Amino acid sequence: MEIAHPYLLFLGDVPDALAAKTGLGIVDWRRDWCHGQLRLDGCKADAKLPDMTPQEAAKSGVRTMVIGAVNAGGVLPDHWIASVVEALDAGLDIASGLHMRLASVPEIRDAAARNGRQLHDVRHSDMRFDTGKGTKRSGKRVLAVGTDCSVGKKYTALALEQAMRAKGFDADFRATGQTGIFISGRGVSLDAVVADFISGAAEWISPAADENHWDVIEGQGSLFHPSFAGVTLGLLHGSQPDAFIVCHEPTRTNMRGVKTPLPTIREVIDLTIACGRLTNPEIRCVGICINTAALGEDEARKLLAATEAEYGLPATDPVRFGCDNVVERIAAEFGKP
């Protein structure tokens with residue numbers, strides 16, 4: 001799916017910033033696409049955008065209202081429906097990352113039909129994907145993988161795209177989750193693809209391209225996570241990356257939501273290479289990105305230096321320190337642009 005921007009971010013009446021992480025993530029990476037925010041009474045999140053009504057947003061050039069808030073169960077609260085209908089009547093498309101389909105709400109379905117507007121359920125692609133074939137295709141690809149879920153794979157991929165472009169590389173971020181789709185404007189939410197077609201969807205996300213073009217692919221889950229390893233493996237096989245970056249959060253001991261101990265970075269590198277060789281025998285690790293948000297700057301820099309010494313790979317926090325060192329490694333391994 002392709003979502004038209006600029007955006008109006010709907011934050012509802014969420015109780016904190018974490019509940020608006022989708023909207024705030026869009027602002028972090030695509031501030032120029034975001035013209036305003038719509039908040040209901042009691043909203044405790046603030047994207048630092050102008051507050052707008054749907055009518056004001058439409059007049060400013062906004063094309064899509066993005067539901068940038070989440071809640072338990074991924075269901076649209078009843079008291080949000082009127083705002084969605086108002087936006088449709090103002091001439092805006094609606095995009096949602098919730099689990100429920102927008103058109104399952106009769107008022108929203110009818111408003112979209114009478115206004116000729118699009119409803120984008122980014123977790124539910126209407127495309128039919130082939131099964132993955134594993135055939136080598138042209139172009140180059142780098143994939144973010146993780147020691148766990150929610151360790152910074154999306155932010156790493158976005159920061160790497162930005163840094164590669166700054167160094168003259170032809171590089172594009174490829175989204176595989178709902179927030180990434182809002183940030184890029186297109187992509188597939190792989191966690192909603194039927195299992196047999198995950199690798200095929202990953203092939204579609206990163207198609208054949210010019211030999212000097214890089215797809216920078218957002219990772220999902222972890223090969224070691226008992227809940228989500230299937231999605232991770234399908235993405236690895238389908239994207240057939242030439243290079244990968246391991247993402248890690250250093251304060252965790254167990255994986256999120258389960259009692260499984262966190263794997264080491266070495267275990268992730270070794271298993272990713274072992275599994276990835278099925279579709280790309282030349283796969284290699286080019287860097288380690290560590291989320292140091294919980295650490296002071298001195299402690300973070302010491303950890304990164306120690307990690308580089310241990311693994312012989314560039315290590316960084318891409319949000320805090322950038323990832324030019326990883327780009328330099330890519331250039332050394334695969335050639336400069």
# chains A, B, ... in the order shown; residues from 1 in each chain; ligands from 1
$ residues_around --residues "stretch 11-14 of chain A" --least-positions-apart "5" --cutoff "7 Å" --atoms "only C-alpha atoms" --output "CSV table (one decimal) with N, CA and C atoms, in the first residue's frame"
chain,number,residue,atom,x,y,z
A,19,ALA,N,1.8,5.5,24.5
A,19,ALA,CA,0.7,5.1,23.8
A,19,ALA,C,0.5,5.8,22.4
A,20,ALA,N,1.4,6.8,22.2
A,20,ALA,CA,1.4,7.6,20.9
A,20,ALA,C,2.7,7.3,20.1
A,38,LEU,N,-4.2,16.1,15.9
A,38,LEU,CA,-5.5,16.2,16.4
A,38,LEU,C,-5.6,15.5,17.8
A,39,ARG,N,-5.9,16.2,18.8
A,39,ARG,CA,-5.9,15.6,20.2
A,39,ARG,C,-7.3,15.8,20.8
A,40,LEU,N,-7.8,14.8,21.5
A,40,LEU,CA,-9.1,15.0,22.2
A,40,LEU,C,-8.8,15.4,23.6
A,41,ASP,N,-9.8,15.9,24.3
A,41,ASP,CA,-9.7,16.3,25.7
A,41,ASP,C,-9.0,15.2,26.5
A,42,GLY,N,-8.0,15.6,27.3
A,42,GLY,CA,-7.4,14.7,28.2
A,42,GLY,C,-6.2,14.0,27.6
A,43,CYS,N,-5.8,14.3,26.4
A,43,CYS,CA,-4.7,13.6,25.8
A,43,CYS,C,-3.4,14.1,26.5
A,44,LYS,N,-2.5,13.1,26.8
A,44,LYS,CA,-1.3,13.4,27.6
A,44,LYS,C,-0.1,13.3,26.6
A,45,ALA,N,-0.3,13.1,25.4
A,45,ALA,CA,0.8,13.0,24.4
A,45,ALA,C,0.8,14.3,23.6
A,67,ILE,N,-3.9,7.5,12.3
A,67,ILE,CA,-4.2,7.2,13.7
A,67,ILE,C,-2.9,6.8,14.4
A,68,GLY,N,-2.3,7.7,15.0
A,68,GLY,CA,-0.9,7.6,15.6
A,68,GLY,C,-0.9,7.1,17.0
A,69,ALA,N,-2.0,6.5,17.5
A,69,ALA,CA,-2.0,6.1,18.9
A,69,ALA,C,-2.4,4.6,18.9
A,80,TRP,N,-13.6,7.5,19.5
A,80,TRP,CA,-12.7,8.1,18.4
A,80,TRP,C,-13.4,8.1,17.0
$ select_by_dssp --residues "stretch 55-190 of chain A" --states "helix (DSSP H, G or I)" --output "ChimeraX atom specification"
/A:55-59,78-89,102-104,106-115,153-166,178-184,190
$ write_last_selection --atoms "N, CA and C atoms" --output "short mmCIF file (atom, residue, chain, number, x, y, z; two decimals), in the first residue's frame"
data_model
loop_
_atom_site.label_atom_id
_atom_site.label_comp_id
_atom_site.auth_asym_id
_atom_site.auth_seq_id
_atom_site.Cartn_x
_atom_site.Cartn_y
_atom_site.Cartn_z
N GLN A 55 -10.77 19.94 9.16
CA GLN A 55 -11.03 20.94 8.12
C GLN A 55 -9.82 21.86 7.92
N GLU A 56 -9.20 22.28 9.01
CA GLU A 56 -8.00 23.10 8.92
C GLU A 56 -6.86 22.33 8.26
N ALA A 57 -6.76 21.05 8.59
CA ALA A 57 -5.70 20.22 8.01
C ALA A 57 -5.88 20.09 6.50
N ALA A 58 -7.12 19.85 6.07
CA ALA A 58 -7.38 19.71 4.64
C ALA A 58 -7.02 20.98 3.88
N LYS A 59 -7.34 22.13 4.47
CA LYS A 59 -7.02 23.41 3.83
C LYS A 59 -5.52 23.63 3.74
N ASP A 78 -14.73 3.51 20.70
CA ASP A 78 -15.96 4.06 20.14
C ASP A 78 -15.94 5.58 20.07
N HIS A 79 -15.34 6.22 21.10
CA HIS A 79 -15.40 7.68 21.12
C HIS A 79 -14.38 8.33 20.17
N TRP A 80 -13.60 7.54 19.46
CA TRP A 80 -12.71 8.08 18.41
C TRP A 80 -13.40 8.09 17.04
N ILE A 81 -14.47 7.34 16.90
CA ILE A 81 -15.09 7.16 15.59
C ILE A 81 -15.55 8.49 14.99
N ALA A 82 -16.13 9.36 15.80
CA ALA A 82 -16.64 10.64 15.28
C ALA A 82 -15.52 11.47 14.66
N SER A 83 -14.33 11.43 15.24
CA SER A 83 -13.20 12.19 14.69
C SER A 83 -12.76 11.62 13.35
N VAL A 84 -12.80 10.29 13.23
CA VAL A 84 -12.43 9.65 11.96
C VAL A 84 -13.44 10.02 10.87
N VAL A 85 -14.70 9.96 11.21
CA VAL A 85 -15.75 10.33 10.23
C VAL A 85 -15.61 11.80 9.84
N GLU A 86 -15.33 12.66 10.80
CA GLU A 86 -15.15 14.08 10.50
C GLU A 86 -14.00 14.30 9.53
N ALA A 87 -12.91 13.56 9.69
CA ALA A 87 -11.77 13.68 8.79
C ALA A 87 -12.12 13.20 7.39
N LEU A 88 -12.87 12.12 7.28
CA LEU A 88 -13.31 11.63 5.97
C LEU A 88 -14.20 12.66 5.29
N ASP A 89 -15.11 13.25 6.04
CA ASP A 89 -16.01 14.27 5.48
C ASP A 89 -15.24 15.53 5.07
N LEU A 102 -10.59 -0.67 9.62
CA LEU A 102 -11.41 0.54 9.69
C LEU A 102 -12.81 0.32 9.13
N ALA A 103 -12.88 -0.42 8.02
CA ALA A 103 -14.17 -0.62 7.37
C ALA A 103 -15.11 -1.52 8.15
N SER A 104 -14.61 -2.12 9.25
CA SER A 104 -15.49 -2.93 10.08
C SER A 104 -16.43 -2.06 10.91
N PRO A 106 -19.26 0.54 10.66
CA PRO A 106 -20.18 0.99 9.61
C PRO A 106 -20.12 2.49 9.34
N GLU A 107 -20.04 3.30 10.39
CA GLU A 107 -20.00 4.76 10.19
C GLU A 107 -18.77 5.17 9.38
N ILE A 108 -17.63 4.53 9.64
CA ILE A 108 -16.41 4.85 8.91
C ILE A 108 -16.49 4.34 7.47
N ARG A 109 -16.96 3.13 7.30
CA ARG A 109 -17.11 2.57 5.95
C ARG A 109 -18.02 3.45 5.10
N ASP A 110 -19.15 3.87 5.66
CA ASP A 110 -20.11 4.68 4.90
C ASP A 110 -19.53 6.06 4.58
N ALA A 111 -18.81 6.66 5.53
CA ALA A 111 -18.23 7.98 5.29
C ALA A 111 -17.15 7.92 4.20
N ALA A 112 -16.36 6.86 4.20
CA ALA A 112 -15.35 6.70 3.16
C ALA A 112 -16.00 6.56 1.78
N ALA A 113 -17.09 5.79 1.72
CA ALA A 113 -17.77 5.56 0.45
C ALA A 113 -18.40 6.85 -0.08
N ARG A 114 -19.06 7.60 0.76
CA ARG A 114 -19.75 8.80 0.26
C ARG A 114 -18.78 9.92 -0.12
N ASN A 115 -17.57 9.86 0.43
CA ASN A 115 -16.58 10.89 0.12
C ASN A 115 -15.51 10.42 -0.87
N LYS A 153 15.60 -1.74 15.78
CA LYS A 153 15.87 -2.15 14.39
C LYS A 153 15.34 -1.13 13.39
N LYS A 154 14.14 -0.61 13.64
CA LYS A 154 13.58 0.39 12.73
C LYS A 154 14.40 1.67 12.73
N TYR A 155 14.73 2.18 13.93
CA TYR A 155 15.51 3.41 14.01
C TYR A 155 16.91 3.21 13.43
N THR A 156 17.48 2.03 13.60
CA THR A 156 18.79 1.74 12.99
C THR A 156 18.70 1.80 11.48
N ALA A 157 17.69 1.17 10.90
CA ALA A 157 17.55 1.17 9.45
C ALA A 157 17.32 2.58 8.92
N LEU A 158 16.52 3.36 9.60
CA LEU A 158 16.26 4.73 9.16
C LEU A 158 17.51 5.60 9.27
N ALA A 159 18.24 5.45 10.37
CA ALA A 159 19.47 6.22 10.54
C ALA A 159 20.51 5.81 9.51
N LEU A 160 20.56 4.52 9.20
CA LEU A 160 21.52 4.04 8.21
C LEU A 160 21.18 4.56 6.83
N GLU A 161 19.90 4.55 6.47
CA GLU A 161 19.49 5.13 5.17
C GLU A 161 19.95 6.58 5.08
N GLN A 162 19.71 7.33 6.12
CA GLN A 162 20.07 8.75 6.15
C GLN A 162 21.58 8.93 6.00
N ALA A 163 22.35 8.14 6.74
CA ALA A 163 23.81 8.26 6.68
C ALA A 163 24.36 7.80 5.34
N MET A 164 23.80 6.75 4.77
CA MET A 164 24.28 6.27 3.47
C MET A 164 24.01 7.30 2.38
N ARG A 165 22.83 7.89 2.42
CA ARG A 165 22.53 8.92 1.42
C ARG A 165 23.47 10.12 1.56
N ALA A 166 23.78 10.48 2.79
CA ALA A 166 24.69 11.61 3.02
C ALA A 166 26.07 11.33 2.46
N GLN A 178 4.12 -1.51 10.86
CA GLN A 178 3.14 -0.45 10.62
C GLN A 178 3.72 0.96 10.76
N THR A 179 4.54 1.20 11.78
CA THR A 179 5.10 2.54 11.93
C THR A 179 6.07 2.84 10.80
N GLY A 180 6.86 1.85 10.41
CA GLY A 180 7.76 2.04 9.28
C GLY A 180 7.02 2.37 8.00
N ILE A 181 5.85 1.79 7.81
CA ILE A 181 5.06 2.08 6.61
C ILE A 181 4.61 3.53 6.61
N PHE A 182 4.18 4.02 7.76
CA PHE A 182 3.79 5.43 7.84
C PHE A 182 4.98 6.34 7.55
N ILE A 183 6.17 5.94 8.00
CA ILE A 183 7.36 6.76 7.82
C ILE A 183 7.82 6.75 6.36
N SER A 184 7.70 5.63 5.70
CA SER A 184 8.18 5.53 4.31
C SER A 184 7.08 5.81 3.29
N LEU A 190 4.74 -7.30 7.97
CA LEU A 190 4.97 -8.73 7.82
C LEU A 190 4.30 -9.56 8.90
#
$ residues_around --residues "A:Pro250" --least-positions-apart "6" --cutoff "10 Å" --atoms "only C-alpha atoms" --output "VMD selection string"
chain A and resid 147 151 262 290 to 295 300 303
$ atom_distance --atom1 "atom CA of A:Cys149" --atom2 "atom CA of A:Arg101"
24.6 Å
$ closest_residue --among "A:Gly36, A:Lys140, A:His225, A:Pro50" --to "A:Lys259" --atoms "only C-alpha atoms"
A:His225
$ closest_residue --among "A:Ala209, A:Trp214, A:Thr131, A:Leu98" --to "A:Gly177" --atoms "only C-alpha atoms"
A:Leu98
$ residues_around --residues "A:Glu333" --least-positions-apart "6" --cutoff "12 Å" --atoms "only C-alpha atoms" --output "list of chain:residue names"
A:Asp242, A:Ala243, A:Glu282, A:Ile283, A:Arg284, A:Cys285, A:Val286, A:Gly287, A:Leu313, A:Val326, A:Val327
$ atom_distance --atom1 "atom CA of A:Met127" --atom2 "atom CA of A:Phe10"
26.2 Å
$ closest_residue --among "A:Leu24, A:Ala17, A:Ile245, A:Val105" --to "A:Gly152" --atoms "only C-alpha atoms"
A:Ile245
$ select_by_dssp --residues "stretch 80-254 of chain A" --states "strand (DSSP E)" --output "count of residues only"
30
$ residues_around --residues "A:His99" --least-positions-apart "6" --cutoff "9 Å" --atoms "only C-alpha atoms" --output "PyMOL selection string"
chain A and resi 73-76+121-124
$ write_last_selection --atoms "all heavy atoms" --output "tab-separated table (two decimals), in the first residue's frame"
chain	number	residue	atom	x	y	z
A	73	GLY	N	-5.21	-4.34	22.71
A	73	GLY	CA	-6.10	-5.05	21.80
A	73	GLY	C	-6.14	-4.49	20.40
A	73	GLY	O	-6.68	-5.12	19.49
A	74	GLY	N	-5.58	-3.30	20.20
A	74	GLY	CA	-5.54	-2.72	18.86
A	74	GLY	C	-6.91	-2.43	18.28
A	74	GLY	O	-7.12	-2.53	17.07
A	75	VAL	N	-7.85	-2.04	19.12
A	75	VAL	CA	-9.22	-1.77	18.68
A	75	VAL	C	-9.49	-0.27	18.74
A	75	VAL	O	-9.06	0.42	19.67
A	75	VAL	CB	-10.24	-2.52	19.57
A	75	VAL	CG1	-11.67	-2.17	19.18
A	75	VAL	CG2	-10.01	-4.02	19.47
A	76	LEU	N	-10.19	0.25	17.76
A	76	LEU	CA	-10.54	1.67	17.74
A	76	LEU	C	-11.61	1.95	18.78
A	76	LEU	O	-12.72	1.41	18.70
A	76	LEU	CB	-11.05	2.05	16.34
A	76	LEU	CG	-11.27	3.54	16.09
A	76	LEU	CD1	-9.94	4.25	15.90
A	76	LEU	CD2	-12.17	3.73	14.87
A	121	ASP	N	-5.50	0.11	6.12
A	121	ASP	CA	-5.21	-0.70	7.31
A	121	ASP	C	-3.83	-1.30	7.10
A	121	ASP	O	-3.69	-2.33	6.44
A	121	ASP	CB	-6.26	-1.80	7.48
A	121	ASP	CG	-7.66	-1.25	7.70
A	121	ASP	OD1	-7.89	-0.64	8.75
A	121	ASP	OD2	-8.51	-1.44	6.81
A	122	VAL	N	-2.82	-0.65	7.64
A	122	VAL	CA	-1.46	-1.03	7.26
A	122	VAL	C	-1.05	-2.40	7.78
A	122	VAL	O	-0.07	-2.96	7.31
A	122	VAL	CB	-0.42	0.03	7.70
A	122	VAL	CG1	-0.73	1.37	7.07
A	122	VAL	CG2	-0.35	0.15	9.21
A	123	ARG	N	-1.80	-2.94	8.74
A	123	ARG	CA	-1.50	-4.30	9.20
A	123	ARG	C	-2.17	-5.36	8.33
A	123	ARG	O	-1.92	-6.55	8.50
A	123	ARG	CB	-1.96	-4.48	10.64
A	123	ARG	CG	-0.87	-4.23	11.67
A	123	ARG	CD	-1.24	-4.89	12.99
A	123	ARG	NE	-0.10	-5.05	13.86
A	123	ARG	CZ	0.18	-4.26	14.89
A	123	ARG	NH1	-0.59	-3.23	15.15
A	123	ARG	NH2	1.23	-4.50	15.65
A	124	HIS	N	-2.98	-4.92	7.38
A	124	HIS	CA	-3.76	-5.88	6.59
A	124	HIS	C	-3.60	-5.54	5.11
A	124	HIS	O	-4.39	-4.81	4.54
A	124	HIS	CB	-5.24	-5.83	6.97
A	124	HIS	CG	-5.50	-6.10	8.42
A	124	HIS	ND1	-5.58	-7.36	8.94
A	124	HIS	CD2	-5.67	-5.24	9.46
A	124	HIS	CE1	-5.80	-7.29	10.24
A	124	HIS	NE2	-5.87	-6.01	10.58
$ residues_around --residues "A:Val258" --least-positions-apart "3" --cutoff "10 Å" --atoms "only C-alpha atoms" --output "list in words"
His225, Pro226, Ser227, Asn254, Met255 and Pro261 of chain A
$ closest_residue --among "A:Gly322, A:Gly296, A:Gly146, A:Pro314" --to "A:Ile269" --atoms "only C-alpha atoms"
A:Gly146
$ closest_residue --among "A:His237, A:Arg63, A:Arg174, A:Arg329" --to "A:Thr135" --atoms "only C-alpha atoms"
A:His237
$ closest_residue --among "A:Gly238, A:Gln118, A:Ala95, A:Trp33" --to "A:Asp130" --atoms "only C-alpha atoms"
A:Gly238
$ atom_distance --atom1 "atom CA of A:Asn212" --atom2 "atom CA of A:Phe169"
8.0 Å
